[in-house]
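Peer 1: Please read through the structure below; I'll follow up with questions.
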Amino acid sequence: MTQPAHLHPDRLFPASEPAQSIARELYPAVKDLPIVSPHGHTDPSWFAGNGRFSTPTALFLTPDHYVLRMLRSRGISYDALGIPRKDGKPVEQDGRKAWRLFAENYFLFAGTPSKTWIDHSLHAVFGIAEELSAATADRIYDAIEAGLATPDLLPRAILDRFNVEVIATTEFALDPLVHHQKMEADNYIGRVRTTYRPDDVTDPSRPAIVENLKKFGELTGEDIAKWDGLINAHRKRREYFRRFGAVATDHGVPSANTADLPLVEKQALLDKVLAGRHDAADAELFRAQMLTEMALLSVEDGMVMQIHAGSRRNTDPLLFAERGPDLGADIPGPTDYVGGLRALLSRCGNEPNLRLIMFVLDETTYARELAPMAGYWPSLMIGPPWWFHDSPQGIRRYLDQVVESAGFYNLAGFNDDTRALLSIPARHDVWRREVCGFLGRWVGENRLARSTAEEIARHLSYSAAKDAYRIK
Amino acid sequence: MTQPAHLHPDRLFPASEPAQSIARELYPAVKDLPIVSPHGHTDPSWFAGNGRFSTPTALFLTPDHYVLRMLRSRGISYDALGIPRKDGKPVEQDGRKAWRLFAENYFLFAGTPSKTWIDHSLHAVFGIAEELSAATADRIYDAIEAGLATPDLLPRAILDRFNVEVIATTEFALDPLVHHQKMEADNYIGRVRTTYRPDDVTDPSRPAIVENLKKFGELTGEDIAKWDGLINAHRKRREYFRRFGAVATDHGVPSANTADLPLVEKQALLDKVLAGRHDAADAELFRAQMLTEMALLSVEDGMVMQIHAGSRRNTDPLLFAERGPDLGADIPGPTDYVGGLRALLSRCGNEPNLRLIMFVLDETTYARELAPMAGYWPSLMIGPPWWFHDSPQGIRRYLDQVVESAGFYNLAGFNDDTRALLSIPARHDVWRREVCGFLGRWVGENRLARSTAEEIARHLSYSAAKDAYRIK
Amino acid sequence: MTQPAHLHPDRLFPASEPAQSIARELYPAVKDLPIVSPHGHTDPSWFAGNGRFSTPTALFLTPDHYVLRMLRSRGISYDALGIPRKDGKPVEQDGRKAWRLFAENYFLFAGTPSKTWIDHSLHAVFGIAEELSAATADRIYDAIEAGLATPDLLPRAILDRFNVEVIATTEFALDPLVHHQKMEADNYIGRVRTTYRPDDVTDPSRPAIVENLKKFGELTGEDIAKWDGLINAHRKRREYFRRFGAVATDHGVPSANTADLPLVEKQALLDKVLAGRHDAADAELFRAQMLTEMALLSVEDGMVMQIHAGSRRNTDPLLFAERGPDLGADIPGPTDYVGGLRALLSRCGNEPNLRLIMFVLDETTYARELAPMAGYWPSLMIGPPWWFHDSPQGIRRYLDQVVESAGFYNLAGFNDDTRALLSIPARHDVWRREVCGFLGRWVGENRLARSTAEEIARHLSYSAAKDAYRIK
């Protein structure tokens, strides 16, 4: 048997010379650099408790909405894949059966980043070189199961093995951070850090918003019914998060809209929200104002602000009613950062202490808006290609469209944004390979000196993320 | 004389190695696969009557709005090209003179798909290797004319020669299908099929809508003044079309908007339309509701639904007044499938029997919306790059942007969507070459196994179209 | 020391064969063609007075907002770069200190077109081969300063040296054209030409609009309070500009919206503007109507009309208040040419004498709208990639997306649109190299004959601009 394509040492590099040789020469210097993962969604209980992972299905299939959605798109039901239903009706309980269904249909993933990540993980973590298929389903299942029983695959051992220097989790404002408290006791904070994501108390479209805001007041001892009290509650909570290593805040918003209202209007808006009398436009305005408030707090405390805009959530109401959110029915939409950020940037876009990283799912804005904005405002940087665009072609389109106007030094490097722990090295490796390939093409066209390419490869693979997120 | 570029056996393949060799090796296995053409606009009278084609001008120039529009764009008048006027004023009647004008200006088509298709047809059908120009105009005209007089170039002989396994025409709901009746008598249905395109009775912006709806009621024996009667008329008419091989419906709509109204509102809307009291918003809503109704009928009868959205028709009012529609002044616009299909998909997007193929002229939605949607919804597939994007670069941008999120198996393969019979093999050949080139690049980058590429090349060249359109 | 990448003779050409060799063979025939620069913003006083340029900083740094904005984006203040403030507070006065700051941070420009242009200028004009950096800052400063003292670097000598056949400047309608009068006396008009840019009297959002319109009336002896008088004033002024070589008009507008109102509504709109009672919608409508009027005047007098749409100006209010416009805070936005030009094209889009060149900052419209429009309307051509998109990747995306639908002959060739005199040859050279590279790829893929590629390379490098702008 010849070596599978996904294990080829030159995979993803340009196929033709001289770009391939240049990429191949740039890569070794960045391949093993420590992983800096300043934005992600791994479960902090893993690193706090350091308990073993359960089954192969629970590790690779059930939590990965990229995988689930593709199977669903070809007619495989979430019942058969064992995804729980809200109505309690039975779904597949046998992890091995669900795994087999996945394996039989693994050919559907040809050409997708999911396959790249899974193939990489199977090989790098479990030493499995053969491809998943109906024929290999059980053998691979058994091999993963055996691996999970060893101490080498406990969560902290995995961080060591992956050479993870820093990894950030993401917690809501009301989260008590119990796992991070445990890690603080273990002297493990710094390597693992939390991130302040206050959507639970800034987004009035959430059904629990009033209750959440009340809890927020209790938690911080502030009168959140007054605007200043509300802001002070955030100020305190951000400080609390920083105790557990937080260097950044994160804001998942439908649009990038921001507002800068006079106090009396802010208070009126808050009154409405607390009384549950707000409509969709009020909710949008509240979120918009809160983004500006968060920016002003970042000016104060230096936390890096991240805005993830442009996802249309839960576009399948049947799925949402049946099983809840985050199961693959979120679809991107157009995003206007120029108009959206106007209020925030007019207020504090030139403040030296502000750092705002923009993530977008609308590639049409890369060259037209994001790169020109980041190439002007001292406070703005462009986040890596995100979500569906965290892929080889996605990275190519991104670099193609942002570098010429924003330069390399207004990019925030890479982050994996994942809840799939084992995919982290695979994702960083794809980014590093693509960066080397991109630079290889440009050096091959005599657009960059080799020595410049070496610096940039290292920067984009490692130091850009540390610099962007102000990680000391 | 050296071989013209357009006859080079490696044309369109990647120029550099190893991608070129891989493409060259993949291509022979798909080159001669039968042509499946499940969506197009050839004239059924050709296949029913099997009469000879008239002149070279009537074959290549007059009916091809791609060719006409380019000539017009450089100042050549439609009068001089022989395009009839509504006011009856004289236009060029001498086909040979119009042909010469075309030939003199053929250099304008350098780099366009029109040139690729015409060059291919001239060579493959008429054995003409030299390029069209002022110098060769008459010689080529004569050669085509001579060819058209032979039995080898009668329509059914052309289908044999092109190895067309299935070709679908498109007829409006009111079409009596006389040509298909003739083909039924000849036992030729199956190879040629009709497609149900009910725009004539679903689009209230048509001046004849009231009259058309009345005829629709008479034709089906249903009371189309009642909503249920209207739907039942469609039900019956779809069944009638299926008798003539129809596997699909087709819907040409300005936007992808759908609606799902309560019966009382649907009836009120129908009342308005029948009374001629509808405005533009009513027309949009009626079309939107009819798309959902068509989807529900597809759930019943299994016909594949095609939506072609996003063309702004007749943007030159002078041309329209002077000579009518379909002469090159339709220009694409942005299209929102996510918002547009919300009502339809919420109603029946998870029905196993629904299959909906989305065509789009707005490439910005490929990666942002279409691929994520097709990679989630079991009912959705992505149609091939359409119209201006049915071109080498158009196909490259399409594959670049859809494959990573949708995979290869949510694509509907290729269809030619043409009324130019002789261009059909040329178009399928461009697609097959581009697919092999795309796969050659990816295999060259070690992103796909060679054996996987072989399967996908065959799938996208042939079986995807049969599967997508449920052609047995 | 090895040769710096930016001096490599094959720079920007495709890295792989055979495309590289083909590009390398096409390039020599276009490399030294005269420069035709029909759209730009150089200062006519340079060519009228032919005085020496002042300092390196005033030549390369202070007037180049591409350079300024990138430095600002990385935290370098405009004060430190010596950009004057409106409040008269001190800014850096020492040009050499500002230069050093620029040099230290020159690494930020890796991969940007700014670096390409500057490197090219330093070498081609001053013979400087080493790269700008902290280490070389003073040496390079001195070398430039020494060069500027020689007669070889007087403005007219520079035009000779660069082989500039024609260069157009751009003046507002009220400009007295004193420098062009001087050049007329010197018999230098024809080589240098003005361009009629009436934004000062067509855009009611300008604070001085009423005053400007009054001056416009005085200047032309027309009663601009009457619509016909206003149009006649333009008619006369266009004629005056033509005396100084003008072949074109230029219109910088936020959107491409046009209108075609009845006279009574036009007069009412003008009354409002003259009374200072117009709001933003009135201003937009006035601009929209004026575009149609300008097109009608172009039908009369044959001047080529240029529309530059889609920039959101002055998005940083702080910068604008502090230092004024054109300092890097203009950001592109989406542009709708199809809807926007509807009124204008319906009125006169088929007039043989109309020539309208569309420039756009919204690449999403290249394949979807601009190419289909230019491939239909006899009056429309597509301008070169503009502003942030005047770059190697920008040119590649442009050619990739426009050629197949518009052909090569609906493109207006290249123009540099710059106020940076020394960057002109660099910009034309990048365009010519990219054209050769593009053609090299297509010839390598057997999509164009070599002889066709030779013709097109010459056309796009030189004759397209002369043809498009009707320069005899």
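Letters A, B, ... go to the chains of the structure tokens in the order shown; residues in each chain start at 1; ligands are counted from 1 in the same order.
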Can you list, as a ChimeraX atom specification, all residues belonging to stretch 110-303 of chain C that DSSP tags as strand (DSSP E)?
Peer 2: /C:164-168,171-172,192-193,196-197,248-253
Peer 1: Save the residues we just selected, N, CA and C atoms, as a CSV table (one decimal), in the first residue's frame?
Peer 2:
chain,number,residue,atom,x,y,z
C,164,VAL,N,6.7,59.4,-21.1
C,164,VAL,CA,5.3,59.6,-20.9
C,164,VAL,C,4.8,60.3,-22.2
C,165,GLU,N,3.9,59.7,-22.9
C,165,GLU,CA,3.4,60.3,-24.1
C,165,GLU,C,2.3,61.3,-23.8
C,166,VAL,N,1.4,60.9,-22.9
C,166,VAL,CA,0.3,61.7,-22.5
C,166,VAL,C,0.1,61.5,-21.0
C,167,ILE,N,-0.1,62.7,-20.3
C,167,ILE,CA,-0.5,62.5,-18.9
C,167,ILE,C,-1.6,63.6,-18.6
C,168,ALA,N,-2.7,63.1,-18.0
C,168,ALA,CA,-3.8,63.9,-17.7
C,168,ALA,C,-3.8,64.3,-16.2
C,171,GLU,N,-8.7,68.7,-12.8
C,171,GLU,CA,-9.1,70.0,-12.1
C,171,GLU,C,-10.6,70.1,-12.0
C,172,PHE,N,-10.9,70.8,-10.9
C,172,PHE,CA,-12.3,71.1,-10.6
C,172,PHE,C,-12.9,72.1,-11.6
C,192,VAL,N,0.7,67.1,-21.7
C,192,VAL,CA,-0.1,67.2,-20.4
C,192,VAL,C,-1.5,67.8,-20.8
C,193,ARG,N,-2.5,67.2,-20.2
C,193,ARG,CA,-3.9,67.5,-20.4
C,193,ARG,C,-4.6,67.7,-19.1
C,196,TYR,N,-11.9,67.4,-16.8
C,196,TYR,CA,-13.0,68.2,-16.2
C,196,TYR,C,-13.6,67.4,-15.1
C,197,ARG,N,-13.4,67.8,-13.8
C,197,ARG,CA,-14.0,67.1,-12.7
C,197,ARG,C,-14.9,68.1,-11.9
C,248,ALA,N,-11.6,64.0,-21.3
C,248,ALA,CA,-12.5,63.3,-20.4
C,248,ALA,C,-13.0,64.1,-19.3
C,249,THR,N,-14.1,63.6,-18.7
C,249,THR,CA,-14.6,64.2,-17.4
C,249,THR,C,-14.4,63.1,-16.4
C,250,ASP,N,-14.5,63.5,-15.1
C,250,ASP,CA,-14.3,62.6,-14.0
C,250,ASP,C,-15.3,62.9,-12.9
C,251,HIS,N,-15.9,61.9,-12.3
C,251,HIS,CA,-16.9,62.1,-11.4
C,251,HIS,C,-16.7,61.2,-10.2
C,252,GLY,N,-16.3,61.8,-9.0
C,252,GLY,CA,-16.1,61.0,-7.8
C,252,GLY,C,-17.4,61.1,-7.0
C,253,VAL,N,-18.1,60.0,-6.9
C,253,VAL,CA,-19.4,60.0,-6.3
C,253,VAL,C,-19.5,58.8,-5.3
Peer 1: May I have a table of the residues of chain C lying at most 7 Å from chain A, giving each one's closest pair of atoms and their distance in Å to one decimal, counting only C-alpha atoms, ordered by chain and ascending residue number, as CSV?
Peer 2:
residue,atom,partner,partner_atom,distance
C:Pro4,CA,A:Ala449,CA,6.9
C:Ala5,CA,A:Asn446,CA,4.8
C:His6,CA,A:Arg447,CA,6.4
C:His8,CA,A:Asn446,CA,6.5
C:Arg11,CA,A:Asn446,CA,4.8
C:Leu12,CA,A:Glu445,CA,5.0
C:Phe13,CA,A:Glu445,CA,5.9
C:Pro14,CA,A:Glu445,CA,6.1
C:Ala15,CA,A:Glu445,CA,5.1
C:Ser16,CA,A:Glu17,CA,6.0
C:Arg69,CA,A:Tyr376,CA,4.8
C:Met70,CA,A:Gly375,CA,5.2
C:Arg72,CA,A:Pro378,CA,6.0
C:Ser73,CA,A:Pro378,CA,3.9
C:Arg74,CA,A:Pro378,CA,5.4
C:Gly75,CA,A:Pro378,CA,5.2
C:Leu108,CA,A:Tyr409,CA,6.4
C:Phe109,CA,A:Gly407,CA,6.0
C:Ala110,CA,A:Gly407,CA,6.5
C:Gly111,CA,A:Glu404,CA,5.8
C:Thr112,CA,A:Glu404,CA,4.4
C:Pro113,CA,A:Glu404,CA,6.5
C:Asp316,CA,A:Ser346,CA,6.2
C:Pro317,CA,A:Ser346,CA,6.3
C:Leu318,CA,A:Ser346,CA,6.9
C:Gly328,CA,A:Tyr376,CA,6.4
C:Ala329,CA,A:Tyr376,CA,6.5
C:Ile331,CA,A:Pro372,CA,6.3
C:Pro332,CA,A:Arg368,CA,5.7
C:Gly333,CA,A:Arg368,CA,6.7
C:Leu361,CA,A:Arg368,CA,6.7
C:Asp362,CA,A:Arg368,CA,6.2
C:Thr364,CA,A:Thr364,CA,6.7
C:Phe388,CA,A:Ser405,CA,6.3
C:Gln393,CA,A:Asp400,CA,6.6
Peer 1: Just to be explicit: take each residue in the selection above, keep C-alpha atoms, and write the result as a PDB file, in the first residue's frame.
Peer 2:
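To be explicit, this is the file written out as out27.pdb:
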ATOM      1  CA  PRO C   4      17.185  42.120  -3.971  1.00  0.00           C
ATOM      2  CA  ALA C   5      13.949  40.411  -5.022  1.00  0.00           C
ATOM      3  CA  HIS C   6      12.448  43.682  -6.182  1.00  0.00           C
ATOM      4  CA  HIS C   8      14.805  40.612 -10.222  1.00  0.00           C
ATOM      5  CA  ARG C  11       9.595  39.700 -10.701  1.00  0.00           C
ATOM      6  CA  LEU C  12       5.820  39.178 -10.638  1.00  0.00           C
ATOM      7  CA  PHE C  13       5.916  36.718 -13.516  1.00  0.00           C
ATOM      8  CA  PRO C  14       4.424  33.290 -12.842  1.00  0.00           C
ATOM      9  CA  ALA C  15       6.967  31.212 -10.963  1.00  0.00           C
ATOM     10  CA  SER C  16       6.328  28.001 -12.834  1.00  0.00           C
ATOM     11  CA  ARG C  69      -2.065  55.082   6.750  1.00  0.00           C
ATOM     12  CA  MET C  70       0.029  51.938   7.104  1.00  0.00           C
ATOM     13  CA  ARG C  72      -0.588  55.015  11.491  1.00  0.00           C
ATOM     14  CA  SER C  73      -2.160  51.550  11.597  1.00  0.00           C
ATOM     15  CA  ARG C  74       0.845  50.363  13.575  1.00  0.00           C
ATOM     16  CA  GLY C  75       0.668  53.175  16.081  1.00  0.00           C
ATOM     17  CA  LEU C 108       5.644  46.851   7.610  1.00  0.00           C
ATOM     18  CA  PHE C 109       5.254  47.294   3.863  1.00  0.00           C
ATOM     19  CA  ALA C 110       6.396  43.786   2.946  1.00  0.00           C
ATOM     20  CA  GLY C 111       4.022  42.477   0.319  1.00  0.00           C
ATOM     21  CA  THR C 112       2.293  45.798  -0.333  1.00  0.00           C
ATOM     22  CA  PRO C 113       2.189  47.678  -3.630  1.00  0.00           C
ATOM     23  CA  ASP C 316     -12.519  58.868  10.933  1.00  0.00           C
ATOM     24  CA  PRO C 317     -14.151  62.105  12.114  1.00  0.00           C
ATOM     25  CA  LEU C 318     -11.297  62.793  14.528  1.00  0.00           C
ATOM     26  CA  GLY C 328      -6.119  57.455   4.548  1.00  0.00           C
ATOM     27  CA  ALA C 329      -9.525  57.177   6.228  1.00  0.00           C
ATOM     28  CA  ILE C 331     -12.842  53.050   2.945  1.00  0.00           C
ATOM     29  CA  PRO C 332     -14.598  51.331   0.025  1.00  0.00           C
ATOM     30  CA  GLY C 333     -18.142  50.059   0.148  1.00  0.00           C
ATOM     31  CA  LEU C 361     -13.813  49.428  -5.443  1.00  0.00           C
ATOM     32  CA  ASP C 362     -16.219  46.548  -5.001  1.00  0.00           C
ATOM     33  CA  THR C 364     -17.846  41.483  -6.159  1.00  0.00           C
ATOM     34  CA  PHE C 388      -6.411  49.409  -3.133  1.00  0.00           C
ATOM     35  CA  GLN C 393      -3.282  40.337  -6.700  1.00  0.00           C
TER      36      GLN C 393
END
Peer 1: Just checking: using only C-alpha atoms, which residue out of C:Ser423, C:Asn163, C:Asn314, C:Ser298 ends up closest to C:Lys31?
Peer 2: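 Smallest separation from C:Lys31 among the options: C:Asn163.
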Peer 1: Could you please determine the separation between atom CA of B:Leu68 and atom CA of B:Gly82 in Å, to one decimal place?
Peer 2: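 It comes out at 10.3 Å.
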Peer 1: Applying 9 Å and only C-alpha atoms, which residues near A:Tyr27 remain after dropping the ones on its own chain fewer than 5 positions away? List them as a ChimeraX atom specification.
Peer 2: /A:22,432-433,435-437,457
Peer 1: Write a file of the selected residues as a compact mmCIF listing (two decimals), in the first residue's frame, keeping N, CA, C and O atoms.
Peer 2:
# COMPACT_ATOMS: atom_id res chain seq x y z
N ILE A 22 10.53 26.09 -1.97
CA ILE A 22 10.65 27.20 -1.00
C ILE A 22 9.76 26.93 0.21
O ILE A 22 10.19 27.06 1.36
N ARG A 432 0.01 26.78 9.09
CA ARG A 432 1.46 26.96 8.88
C ARG A 432 1.88 26.50 7.49
O ARG A 432 2.70 27.14 6.82
N ARG A 433 1.31 25.38 7.05
CA ARG A 433 1.62 24.90 5.70
C ARG A 433 1.13 25.91 4.65
O ARG A 433 1.83 26.19 3.67
N VAL A 435 0.64 29.13 5.07
CA VAL A 435 1.48 30.33 5.13
C VAL A 435 2.79 30.08 4.37
O VAL A 435 3.22 30.92 3.57
N CYS A 436 3.38 28.91 4.59
CA CYS A 436 4.63 28.61 3.86
C CYS A 436 4.38 28.49 2.36
O CYS A 436 5.20 28.93 1.55
N GLY A 437 3.24 27.94 1.99
CA GLY A 437 2.92 27.83 0.57
C GLY A 437 2.70 29.20 -0.04
O GLY A 437 3.21 29.50 -1.14
N ALA A 457 6.92 33.95 8.15
CA ALA A 457 6.43 32.60 8.47
C ALA A 457 6.41 32.39 9.98
O ALA A 457 5.43 31.88 10.54
Peer 1: Check stretch 183-228 of chain A with DSSP on the backbone and list each residue it calls helix (DSSP H, G or I), as a list in words.
Peer 2: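 Taking stretch 183-228 of chain A and keeping helix (DSSP H, G or I) gives Met183, Glu184, Ala185, Asp199, Asp200, Val201, Thr202, Ile209, Val210, Glu211, Asn212, Leu213, Lys214, Lys215, Phe216, Gly217, Glu218, Leu219, Thr220, Trp227 and Asp228 of chain A.
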Peer 1: Choose the residue, out of C:Trp431, C:Tyr337, C:Tyr462, C:Phe47, that has the smallest atom-to-atom separation from C:Asp160; count only C-alpha atoms.
Peer 2: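 Going through C:Trp431, C:Tyr337, C:Tyr462, C:Phe47 one by one, the smallest distance to C:Asp160 is for C:Phe47.
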